[in-house]
>>> print(open('model_38.pdb').read())   # PDB, C-alpha atoms, pLDDT in the B column
ATOM      1  CA  MET E   6     -15.949   0.184  20.267  1.00 92.00           C
ATOM      2  CA  LEU E   7     -16.764  -3.010  22.189  1.00 97.00           C
ATOM      3  CA  PRO E   8     -19.879  -4.473  20.521  1.00 97.00           C
ATOM      4  CA  VAL E   9     -22.852  -5.525  22.621  1.00 98.00           C
ATOM      5  CA  LEU E  10     -24.450  -8.829  21.641  1.00 98.00           C
ATOM      6  CA  ILE E  11     -28.034  -9.772  22.531  1.00 98.00           C
ATOM      7  CA  ILE E  12     -29.464 -13.168  21.575  1.00 98.00           C
ATOM      8  CA  HIS E  13     -33.222 -13.539  21.888  1.00 97.00           C
ATOM      9  CA  LYS E  14     -36.132 -15.427  20.328  1.00 95.00           C
ATOM     10  CA  GLY E  15     -39.702 -14.121  20.243  1.00 95.00           C
ATOM     11  CA  TYR E  16     -40.716 -10.457  20.395  1.00 96.00           C
ATOM     12  CA  LYS E  17     -41.149  -8.922  23.861  1.00 96.00           C
ATOM     13  CA  ASP E  18     -41.920  -5.292  24.692  1.00 97.00           C
ATOM     14  CA  TYR E  19     -39.165  -5.200  27.303  1.00 97.00           C
ATOM     15  CA  LEU E  20     -36.593  -6.005  24.615  1.00 98.00           C
ATOM     16  CA  LYS E  21     -37.751  -3.001  22.594  1.00 97.00           C
ATOM     17  CA  TYR E  22     -37.320  -0.730  25.635  1.00 97.00           C
ATOM     18  CA  ASN E  23     -33.931  -2.263  26.364  1.00 98.00           C
ATOM     19  CA  LEU E  24     -32.700  -1.579  22.824  1.00 98.00           C
ATOM     20  CA  GLU E  25     -34.088   1.932  22.900  1.00 97.00           C
ATOM     21  CA  ILE E  26     -31.993   2.713  26.010  1.00 98.00           C
ATOM     22  CA  THR E  27     -28.887   0.562  25.476  1.00 98.00           C
ATOM     23  CA  SER E  28     -28.409   1.633  21.840  1.00 98.00           C
ATOM     24  CA  GLN E  29     -28.060   5.283  22.852  1.00 97.00           C
ATOM     25  CA  ASN E  30     -24.465   4.631  23.928  1.00 97.00           C
ATOM     26  CA  ASN E  31     -23.604   1.201  22.495  1.00 98.00           C
ATOM     27  CA  LYS E  32     -23.393  -0.603  19.163  1.00 98.00           C
ATOM     28  CA  ILE E  33     -25.698  -3.630  19.402  1.00 98.00           C
ATOM     29  CA  TYR E  34     -25.875  -6.819  17.390  1.00 98.00           C
ATOM     30  CA  LEU E  35     -29.266  -8.450  17.914  1.00 98.00           C
ATOM     31  CA  ILE E  36     -29.359 -12.137  16.961  1.00 98.00           C
ATOM     32  CA  GLY E  37     -32.857 -13.566  16.832  1.00 98.00           C
ATOM     33  CA  ASP E  38     -35.824 -14.760  14.817  1.00 97.00           C
ATOM     34  CA  ASN E  39     -37.768 -12.693  12.281  1.00 96.00           C
ATOM     35  CA  SER E  40     -40.161 -11.333  14.911  1.00 97.00           C
ATOM     36  CA  LEU E  41     -37.248  -9.118  16.041  1.00 98.00           C
ATOM     37  CA  LYS E  42     -36.296  -7.737  12.620  1.00 97.00           C
ATOM     38  CA  PRO E  43     -38.353  -4.508  13.021  1.00 97.00           C
ATOM     39  CA  LEU E  44     -36.171  -3.622  16.028  1.00 98.00           C
ATOM     40  CA  GLU E  45     -33.235  -2.894  13.703  1.00 97.00           C
ATOM     41  CA  SER E  46     -34.958   0.440  13.090  1.00 97.00           C
ATOM     42  CA  PHE E  47     -33.192   1.712  16.216  1.00 96.00           C
ATOM     43  CA  GLU E  48     -29.961   3.500  15.482  1.00 95.00           C
ATOM     44  CA  ASN E  49     -26.906   1.386  16.437  1.00 97.00           C
ATOM     45  CA  VAL E  50     -28.887  -1.886  16.275  1.00 98.00           C
ATOM     46  CA  ASN E  51     -27.954  -4.501  13.659  1.00 98.00           C
ATOM     47  CA  PHE E  52     -30.298  -7.476  13.335  1.00 98.00           C
ATOM     48  CA  ILE E  53     -28.929 -10.929  12.427  1.00 98.00           C
ATOM     49  CA  GLU E  54     -31.114 -13.944  11.672  1.00 97.00           C
ATOM     50  CA  VAL E  55     -30.371 -16.732  14.174  1.00 97.00           C
ATOM     51  CA  ASP E  56     -31.248 -19.601  11.815  1.00 96.00           C
ATOM     52  CA  LYS E  57     -28.042 -19.232   9.827  1.00 94.00           C
ATOM     53  CA  TYR E  58     -26.106 -20.183  12.970  1.00 97.00           C
ATOM     54  CA  LEU E  59     -28.506 -22.923  14.056  1.00 95.00           C
ATOM     55  CA  ASP E  60     -27.832 -24.734  10.758  1.00 94.00           C
ATOM     56  CA  ASN E  61     -24.159 -25.135  11.720  1.00 96.00           C
ATOM     57  CA  ASN E  62     -22.922 -28.752  11.986  1.00 96.00           C
ATOM     58  CA  LYS E  63     -21.354 -28.247  15.440  1.00 95.00           C
ATOM     59  CA  ILE E  64     -24.632 -26.843  16.766  1.00 97.00           C
ATOM     60  CA  LYS E  65     -26.486 -29.831  15.323  1.00 96.00           C
ATOM     61  CA  LEU E  66     -23.963 -32.191  16.960  1.00 97.00           C
ATOM     62  CA  PHE E  67     -24.383 -30.468  20.330  1.00 97.00           C
ATOM     63  CA  SER E  68     -28.175 -30.491  19.996  1.00 97.00           C
ATOM     64  CA  ASN E  69     -28.258 -34.208  19.152  1.00 97.00           C
ATOM     65  CA  ASN E  70     -26.120 -35.080  22.190  1.00 97.00           C
ATOM     66  CA  PHE E  71     -27.872 -32.826  24.703  1.00 97.00           C
ATOM     67  CA  THR E  72     -29.477 -34.393  27.763  1.00 96.00           C
ATOM     68  CA  ASN E  73     -31.732 -32.183  29.833  1.00 96.00           C
ATOM     69  CA  TYR E  74     -30.727 -32.586  33.492  1.00 95.00           C
ATOM     70  CA  SER E  75     -32.966 -29.730  34.575  1.00 95.00           C
ATOM     71  CA  THR E  76     -36.540 -29.261  35.713  1.00 93.00           C
ATOM     72  CA  ASN E  77     -36.772 -26.445  33.156  1.00 93.00           C
ATOM     73  CA  ASN E  78     -37.995 -26.925  29.601  1.00 94.00           C
ATOM     74  CA  LYS E  79     -35.516 -28.856  27.410  1.00 97.00           C
ATOM     75  CA  GLU E  80     -35.736 -26.459  24.459  1.00 96.00           C
ATOM     76  CA  TYR E  81     -35.063 -23.472  26.713  1.00 95.00           C
ATOM     77  CA  GLU E  82     -32.064 -25.094  28.406  1.00 97.00           C
ATOM     78  CA  LEU E  83     -30.569 -26.265  25.116  1.00 97.00           C
ATOM     79  CA  PHE E  84     -30.825 -22.803  23.577  1.00 97.00           C
ATOM     80  CA  CYS E  85     -28.997 -21.341  26.585  1.00 96.00           C
ATOM     81  CA  PHE E  86     -26.130 -23.766  25.948  1.00 97.00           C
ATOM     82  CA  LEU E  87     -26.154 -23.068  22.207  1.00 97.00           C
ATOM     83  CA  ARG E  88     -25.769 -19.324  22.811  1.00 97.00           C
ATOM     84  CA  ILE E  89     -22.036 -19.760  23.342  1.00 98.00           C
ATOM     85  CA  LEU E  90     -21.632 -21.581  20.029  1.00 97.00           C
ATOM     86  CA  ILE E  91     -23.693 -18.851  18.358  1.00 98.00           C
ATOM     87  CA  ILE E  92     -21.449 -16.203  19.936  1.00 98.00           C
ATOM     88  CA  LYS E  93     -18.361 -18.034  18.673  1.00 98.00           C
ATOM     89  CA  LEU E  94     -19.729 -18.303  15.124  1.00 98.00           C
ATOM     90  CA  PHE E  95     -20.728 -14.645  15.221  1.00 98.00           C
ATOM     91  CA  MET E  96     -17.256 -13.539  16.358  1.00 98.00           C
ATOM     92  CA  GLU E  97     -15.627 -15.639  13.636  1.00 98.00           C
ATOM     93  CA  GLU E  98     -17.905 -14.172  10.977  1.00 97.00           C
ATOM     94  CA  TYR E  99     -17.356 -10.570  12.087  1.00 97.00           C
ATOM     95  CA  LYS E 100     -13.673 -11.115  12.943  1.00 97.00           C
ATOM     96  CA  LEU E 101     -14.075  -9.981  16.544  1.00 97.00           C
ATOM     97  CA  GLU E 102     -11.799 -10.891  19.442  1.00 95.00           C
ATOM     98  CA  LYS E 103     -14.402 -10.205  22.123  1.00 97.00           C
ATOM     99  CA  VAL E 104     -17.982  -9.059  22.688  1.00 98.00           C
ATOM    100  CA  PHE E 105     -20.041  -7.932  25.631  1.00 98.00           C
ATOM    101  CA  HIS E 106     -22.947 -10.356  25.977  1.00 98.00           C
ATOM    102  CA  LEU E 107     -26.124  -8.875  27.424  1.00 98.00           C
ATOM    103  CA  ASP E 108     -29.289 -10.756  28.310  1.00 97.00           C
ATOM    104  CA  SER E 109     -32.343  -9.188  26.731  1.00 97.00           C
ATOM    105  CA  ASP E 110     -33.729  -8.108  30.119  1.00 96.00           C
ATOM    106  CA  ASN E 111     -30.541  -6.253  31.151  1.00 96.00           C
ATOM    107  CA  ILE E 112     -29.924  -2.602  30.266  1.00 97.00           C
ATOM    108  CA  LEU E 113     -26.702  -0.657  29.754  1.00 97.00           C
ATOM    109  CA  PHE E 114     -27.000   3.045  30.522  1.00 97.00           C
ATOM    110  CA  TYR E 115     -23.403   3.864  29.617  1.00 96.00           C
ATOM    111  CA  ASN E 116     -20.956   2.863  26.912  1.00 98.00           C
ATOM    112  CA  ILE E 117     -19.497  -0.493  27.921  1.00 98.00           C
ATOM    113  CA  THR E 118     -16.305   0.334  26.003  1.00 97.00           C
ATOM    114  CA  ASP E 119     -15.461   2.824  28.759  1.00 97.00           C
ATOM    115  CA  TYR E 120     -15.609   0.197  31.514  1.00 97.00           C
ATOM    116  CA  PRO E 121     -12.126  -0.491  32.935  1.00 97.00           C
ATOM    117  CA  PHE E 122     -12.020  -4.291  32.541  1.00 97.00           C
ATOM    118  CA  GLU E 123      -8.977  -5.859  34.195  1.00 96.00           C
ATOM    119  CA  LYS E 124      -9.360  -9.245  32.496  1.00 97.00           C
ATOM    120  CA  GLU E 125     -10.101 -10.443  28.976  1.00 97.00           C
ATOM    121  CA  ILE E 126     -13.050 -12.439  30.370  1.00 98.00           C
ATOM    122  CA  ALA E 127     -15.443 -10.965  32.926  1.00 98.00           C
ATOM    123  CA  TYR E 128     -18.736 -12.390  34.141  1.00 97.00           C
ATOM    124  CA  GLN E 129     -20.749 -12.598  37.309  1.00 94.00           C
ATOM    125  CA  PHE E 130     -20.251 -14.995  40.144  1.00 91.00           C
ATOM    126  CA  GLY E 131     -21.165 -14.690  43.745  1.00 80.00           C
ATOM    127  CA  TYR E 132     -22.430 -16.470  46.763  1.00 74.00           C
ATOM    128  CA  ASN E 133     -23.630 -20.014  46.077  1.00 75.00           C
ATOM    129  CA  LYS E 134     -25.826 -21.066  48.998  1.00 79.00           C
ATOM    130  CA  ASN E 135     -24.463 -24.625  48.941  1.00 84.00           C
ATOM    131  CA  LYS E 136     -21.978 -26.725  46.985  1.00 88.00           C
ATOM    132  CA  PHE E 137     -24.728 -27.797  44.596  1.00 89.00           C
ATOM    133  CA  SER E 138     -25.781 -24.284  43.563  1.00 90.00           C
ATOM    134  CA  MET E 139     -22.960 -23.950  41.014  1.00 93.00           C
ATOM    135  CA  THR E 140     -24.308 -20.864  39.252  1.00 92.00           C
ATOM    136  CA  ASP E 141     -22.232 -18.191  37.551  1.00 95.00           C
ATOM    137  CA  SER E 142     -23.764 -15.987  34.885  1.00 96.00           C
ATOM    138  CA  ILE E 143     -23.011 -14.229  31.620  1.00 96.00           C
ATOM    139  CA  HIS E 144     -26.241 -12.213  31.650  1.00 95.00           C
ATOM    140  CA  ASN E 145     -23.834  -9.294  31.395  1.00 95.00           C
ATOM    141  CA  GLY E 146     -20.357 -10.505  30.576  1.00 97.00           C
ATOM    142  CA  LEU E 147     -17.233  -9.896  28.547  1.00 98.00           C
ATOM    143  CA  ILE E 148     -16.615 -12.957  26.381  1.00 98.00           C
ATOM    144  CA  ASN E 149     -13.688 -13.732  24.114  1.00 98.00           C
ATOM    145  CA  MET E 150     -12.813 -16.587  21.778  1.00 98.00           C
ATOM    146  CA  ASP E 151     -10.915 -18.478  24.488  1.00 98.00           C
ATOM    147  CA  PHE E 152     -14.051 -18.496  26.659  1.00 98.00           C
ATOM    148  CA  CYS E 153     -16.103 -19.939  23.785  1.00 98.00           C
ATOM    149  CA  GLU E 154     -13.499 -22.586  22.988  1.00 98.00           C
ATOM    150  CA  GLN E 155     -13.199 -23.695  26.620  1.00 98.00           C
ATOM    151  CA  PHE E 156     -16.998 -23.890  26.918  1.00 98.00           C
ATOM    152  CA  GLU E 157     -17.207 -25.927  23.722  1.00 98.00           C
ATOM    153  CA  LYS E 158     -14.502 -28.312  24.925  1.00 98.00           C
ATOM    154  CA  LEU E 159     -16.224 -28.745  28.302  1.00 98.00           C
ATOM    155  CA  TYR E 160     -19.552 -29.470  26.598  1.00 98.00           C
ATOM    156  CA  GLU E 161     -17.915 -32.170  24.483  1.00 97.00           C
ATOM    157  CA  GLN E 162     -16.251 -33.709  27.555  1.00 97.00           C
ATOM    158  CA  ILE E 163     -19.485 -33.796  29.558  1.00 97.00           C
ATOM    159  CA  TYR E 164     -22.201 -34.551  26.997  1.00 97.00           C
ATOM    160  CA  ILE E 165     -20.426 -36.271  24.090  1.00 97.00           C
ATOM    161  CA  THR E 166     -17.320 -38.183  25.249  1.00 96.00           C
ATOM    162  CA  ARG E 167     -18.582 -38.091  28.880  1.00 96.00           C
ATOM    163  CA  GLU E 168     -14.984 -38.146  30.185  1.00 96.00           C
ATOM    164  CA  LYS E 169     -15.800 -35.240  32.531  1.00 96.00           C
ATOM    165  CA  HIS E 170     -19.395 -36.222  33.312  1.00 95.00           C
ATOM    166  CA  SER E 171     -18.282 -36.513  36.944  1.00 95.00           C
ATOM    167  CA  TYR E 172     -18.289 -32.682  37.103  1.00 95.00           C
ATOM    168  CA  ILE E 173     -22.094 -32.722  37.178  1.00 96.00           C
ATOM    169  CA  GLU E 174     -23.094 -36.102  38.651  1.00 95.00           C
ATOM    170  CA  ASP E 175     -23.394 -34.961  42.285  1.00 94.00           C
ATOM    171  CA  LYS E 176     -25.521 -31.986  41.270  1.00 95.00           C
ATOM    172  CA  ILE E 177     -27.797 -34.220  39.167  1.00 94.00           C
ATOM    173  CA  ASP E 178     -28.229 -36.573  42.141  1.00 94.00           C
ATOM    174  CA  TYR E 179     -28.907 -33.650  44.485  1.00 92.00           C
ATOM    175  CA  HIS E 180     -31.763 -32.301  42.355  1.00 93.00           C
ATOM    176  CA  THR E 181     -33.157 -35.738  41.515  1.00 88.00           C
ATOM    177  CA  ASN E 182     -33.051 -37.354  44.960  1.00 84.00           C
ATOM    178  CA  LYS E 183     -34.180 -34.298  46.916  1.00 83.00           C
ATOM    179  CA  LYS E 184     -36.673 -33.320  44.222  1.00 86.00           C
ATOM    180  CA  ILE E 185     -35.339 -29.754  44.220  1.00 87.00           C
ATOM    181  CA  SER E 186     -36.101 -27.665  41.144  1.00 90.00           C
ATOM    182  CA  GLY E 187     -33.202 -26.616  38.950  1.00 91.00           C
ATOM    183  CA  GLY E 188     -30.389 -28.814  37.737  1.00 94.00           C
ATOM    184  CA  ILE E 189     -27.684 -28.537  35.106  1.00 96.00           C
ATOM    185  CA  CYS E 190     -27.762 -25.417  32.967  1.00 96.00           C
ATOM    186  CA  ASP E 191     -25.301 -23.209  31.113  1.00 97.00           C
ATOM    187  CA  MET E 192     -24.653 -21.340  34.381  1.00 96.00           C
ATOM    188  CA  THR E 193     -23.360 -24.610  35.854  1.00 97.00           C
ATOM    189  CA  PHE E 194     -20.766 -24.698  33.088  1.00 97.00           C
ATOM    190  CA  TYR E 195     -19.621 -21.110  33.748  1.00 97.00           C
ATOM    191  CA  TYR E 196     -19.163 -22.082  37.389  1.00 96.00           C
ATOM    192  CA  ILE E 197     -17.147 -25.201  36.457  1.00 97.00           C
ATOM    193  CA  MET E 198     -15.000 -23.173  34.057  1.00 97.00           C
ATOM    194  CA  ARG E 199     -14.121 -20.631  36.747  1.00 96.00           C
ATOM    195  CA  LYS E 200     -13.774 -23.083  39.613  1.00 94.00           C
ATOM    196  CA  ASN E 201     -11.466 -25.383  37.638  1.00 96.00           C
ATOM    197  CA  LYS E 202      -9.489 -22.441  36.211  1.00 97.00           C
ATOM    198  CA  LEU E 203     -10.382 -23.300  32.630  1.00 97.00           C
ATOM    199  CA  VAL E 204     -10.657 -19.541  32.017  1.00 97.00           C
ATOM    200  CA  ASP E 205      -9.053 -16.551  33.728  1.00 96.00           C
TER     201      ASP E 205
END
>>> encode(input="model_38.pdb", output="structure tokens")
Amino acid sequence: MLPVLIIHKGYKDYLKYNLEITSQNNKIYLIGDNSLKPLESFENVNFIEVDKYLDNNKIKLFSNNFTNYSTNNKEYELFCFLRILIIKLFMEEYKLEKVFHLDSDNILFYNITDYPFEKEIAYQFGYNKNKFSMTDSIHNGLINMDFCEQFEKLYEQIYITREKHSYIEDKIDYHTNKKISGGICDMTFYYIMRKNKLVD
């Protein structure tokens, strides 16, 4: 059975309703803070404390080198980036080759294991209104270890060694000079990974 992974911090009623519906046909791993622990009472929901992953040295390195190039809150944007490292650590711990990542405000009505995926990696991309949009999404996406490793490598090349910082410079200028909300986020990275064929 393909496991469903939800990463969330802070209790919300909509998450409870999501788990109630999605867990009827799927095995869910819920990674979050202690406010979410009571939600493991649903059948097929396993709660995992997020702090054990956040203490990881690689996550600390990424956090210390993060620059917020977005009009959104820095803590929010950083956590979105860290999700991929958390997913990687989770898959290593549970010896999984792939998971289906689901944002906490997305619902699965059917068993995702039955979906006829044609690729080992599958996530959403679509029309970007201009060349600076650069937004793909894993709010419901099939993720494997290769995806996580390519994301991690890209993060290091952009934020730490800065050898690929050119991937995001035009987009930073666009949002800064035109004073348009948005900026660099994890979705920018998923776009870069697909566009530059870093993942299939």
>>> atom_distance(input="model_38.pdb", atom1="CA of Asp38 in chain E", atom2="CA of Asp56 in chain E")
7.3 Å
>>> resolve_selection(input="model_38.pdb", expression="the PyMOL selection byres ((chain E and resi 148) around 8)", output="ChimeraX atom specification")
/E:103-106,125-127,146-147,149-150,152-153
>>> closest_residue(input="model_38.pdb", among="E:Tyr16, E:Tyr128, E:Tyr22, E:Tyr120", to="Ser40 in chain E", atoms="all atoms listed in the file")
E:Tyr16
>>> atom_distance(input="model_38.pdb", atom1="CA of Ile189 in chain E", atom2="CA of Thr140 in chain E")
9.4 Å
>>> closest_residue(input="model_38.pdb", among="E:Met192, E:Ile91, E:Leu7, E:Ile26", to="Asp110 in chain E", atoms="all atoms listed in the file")
E:Ile26
>>> resolve_selection(input="model_38.pdb", expression="the PyMOL selection byres ((chain E and resi 10) around 12)", output="VMD selection string")
chain E and resid 7 to 9 11 to 13 24 27 to 28 31 to 37 49 to 53 88 to 89 91 to 93 95 to 96 101 103 to 109 111 to 113 117 143 to 148
>>> closest_residue(input="model_38.pdb", among="E:Asp141, E:Asp175, E:Glu98, E:Glu45", to="Tyr196 in chain E", atoms="only C-alpha atoms")
E:Asp141
>>> atom_distance(input="model_38.pdb", atom1="CA of Lys183 in chain E", atom2="CA of Met139 in chain E")
16.4 Å
>>> closest_residue(input="model_38.pdb", among="E:Phe47, E:Ser75, E:Leu87, E:Asp151", to="Asp178 in chain E", atoms="all atoms listed in the file")
E:Ser75
>>> closest_residue(input="model_38.pdb", among="E:Glu82, E:Leu90, E:Asn116, E:Lys158", to="Asp60 in chain E", atoms="all atoms listed in the file")
E:Leu90
>>> resolve_selection(input="model_38.pdb", expression="the PyMOL selection byres ((chain E and resi 187) around 9)", output="PyMOL selection string")
chain E and resi 74-77+180+185-186+188-190
>>> write_last_selection(input="model_38.pdb", atoms="C-alpha atoms", output="PDB file, in the frame of the given file")
ATOM      1  CA  TYR E  74     -30.727 -32.586  33.492  1.00 95.00           C
ATOM      2  CA  SER E  75     -32.966 -29.730  34.575  1.00 95.00           C
ATOM      3  CA  THR E  76     -36.540 -29.261  35.713  1.00 93.00           C
ATOM      4  CA  ASN E  77     -36.772 -26.445  33.156  1.00 93.00           C
ATOM      5  CA  HIS E 180     -31.763 -32.301  42.355  1.00 93.00           C
ATOM      6  CA  ILE E 185     -35.339 -29.754  44.220  1.00 87.00           C
ATOM      7  CA  SER E 186     -36.101 -27.665  41.144  1.00 90.00           C
ATOM      8  CA  GLY E 188     -30.389 -28.814  37.737  1.00 94.00           C
ATOM      9  CA  ILE E 189     -27.684 -28.537  35.106  1.00 96.00           C
ATOM     10  CA  CYS E 190     -27.762 -25.417  32.967  1.00 96.00           C
TER      11      CYS E 190
END
>>> build_atoms(input="model_38.pdb", residues="range 171-198 of chain E", atoms="N, CA and C atoms", output="compact mmCIF listing (two decimals), in the coordinates of the input")
# COMPACT_ATOMS: atom_id res chain seq x y z
N SER E 171 -18.35 -36.54 35.47
CA SER E 171 -18.28 -36.51 36.94
C SER E 171 -18.43 -35.09 37.49
N TYR E 172 -18.13 -34.08 36.67
CA TYR E 172 -18.29 -32.68 37.10
C TYR E 172 -19.73 -32.37 37.52
N ILE E 173 -20.69 -33.08 36.93
CA ILE E 173 -22.09 -32.72 37.18
C ILE E 173 -22.90 -33.81 37.89
N GLU E 174 -22.32 -34.97 38.12
CA GLU E 174 -23.09 -36.10 38.65
C GLU E 174 -23.68 -35.83 40.03
N ASP E 175 -22.89 -35.24 40.93
CA ASP E 175 -23.39 -34.96 42.28
C ASP E 175 -24.55 -33.97 42.25
N LYS E 176 -24.45 -32.99 41.38
CA LYS E 176 -25.52 -31.99 41.27
C LYS E 176 -26.79 -32.61 40.69
N ILE E 177 -26.63 -33.51 39.72
CA ILE E 177 -27.80 -34.22 39.17
C ILE E 177 -28.48 -35.03 40.27
N ASP E 178 -27.68 -35.77 41.04
CA ASP E 178 -28.23 -36.57 42.14
C ASP E 178 -28.94 -35.70 43.16
N TYR E 179 -28.33 -34.57 43.49
CA TYR E 179 -28.91 -33.65 44.48
C TYR E 179 -30.31 -33.21 44.07
N HIS E 180 -30.45 -32.79 42.82
CA HIS E 180 -31.76 -32.30 42.36
C HIS E 180 -32.76 -33.44 42.17
N THR E 181 -32.27 -34.60 41.75
CA THR E 181 -33.16 -35.74 41.52
C THR E 181 -33.63 -36.35 42.83
N ASN E 182 -32.70 -36.67 43.71
CA ASN E 182 -33.05 -37.35 44.96
C ASN E 182 -33.83 -36.47 45.93
N LYS E 183 -33.48 -35.20 45.99
CA LYS E 183 -34.18 -34.30 46.92
C LYS E 183 -35.38 -33.62 46.28
N LYS E 184 -35.57 -33.91 44.97
CA LYS E 184 -36.67 -33.32 44.22
C LYS E 184 -36.68 -31.79 44.34
N ILE E 185 -35.51 -31.21 44.17
CA ILE E 185 -35.34 -29.75 44.22
C ILE E 185 -35.27 -29.24 42.80
N SER E 186 -36.08 -28.21 42.51
CA SER E 186 -36.10 -27.66 41.14
C SER E 186 -34.74 -27.11 40.76
N GLY E 187 -34.50 -27.07 39.46
CA GLY E 187 -33.20 -26.62 38.95
C GLY E 187 -32.49 -27.77 38.29
N GLY E 188 -31.18 -27.75 38.35
CA GLY E 188 -30.39 -28.81 37.74
C GLY E 188 -29.22 -28.25 36.97
N ILE E 189 -28.83 -28.94 35.91
CA ILE E 189 -27.68 -28.54 35.11
C ILE E 189 -28.14 -27.55 34.04
N CYS E 190 -27.47 -26.42 33.99
CA CYS E 190 -27.76 -25.42 32.97
C CYS E 190 -26.45 -24.79 32.51
N ASP E 191 -26.52 -23.85 31.59
CA ASP E 191 -25.30 -23.21 31.11
C ASP E 191 -24.55 -22.51 32.25
N MET E 192 -25.29 -22.01 33.25
CA MET E 192 -24.65 -21.34 34.38
C MET E 192 -23.79 -22.30 35.19
N THR E 193 -24.18 -23.59 35.20
CA THR E 193 -23.36 -24.61 35.85
C THR E 193 -22.00 -24.70 35.17
N PHE E 194 -22.02 -24.62 33.85
CA PHE E 194 -20.77 -24.70 33.09
C PHE E 194 -19.87 -23.50 33.37
N TYR E 195 -20.44 -22.30 33.47
CA TYR E 195 -19.62 -21.11 33.75
C TYR E 195 -18.97 -21.24 35.12
N TYR E 196 -19.71 -21.82 36.05
CA TYR E 196 -19.16 -22.08 37.39
C TYR E 196 -17.99 -23.07 37.31
N ILE E 197 -18.19 -24.18 36.60
CA ILE E 197 -17.15 -25.20 36.46
C ILE E 197 -15.90 -24.60 35.79
N MET E 198 -16.12 -23.78 34.77
CA MET E 198 -15.00 -23.17 34.06
C MET E 198 -14.17 -22.29 34.97
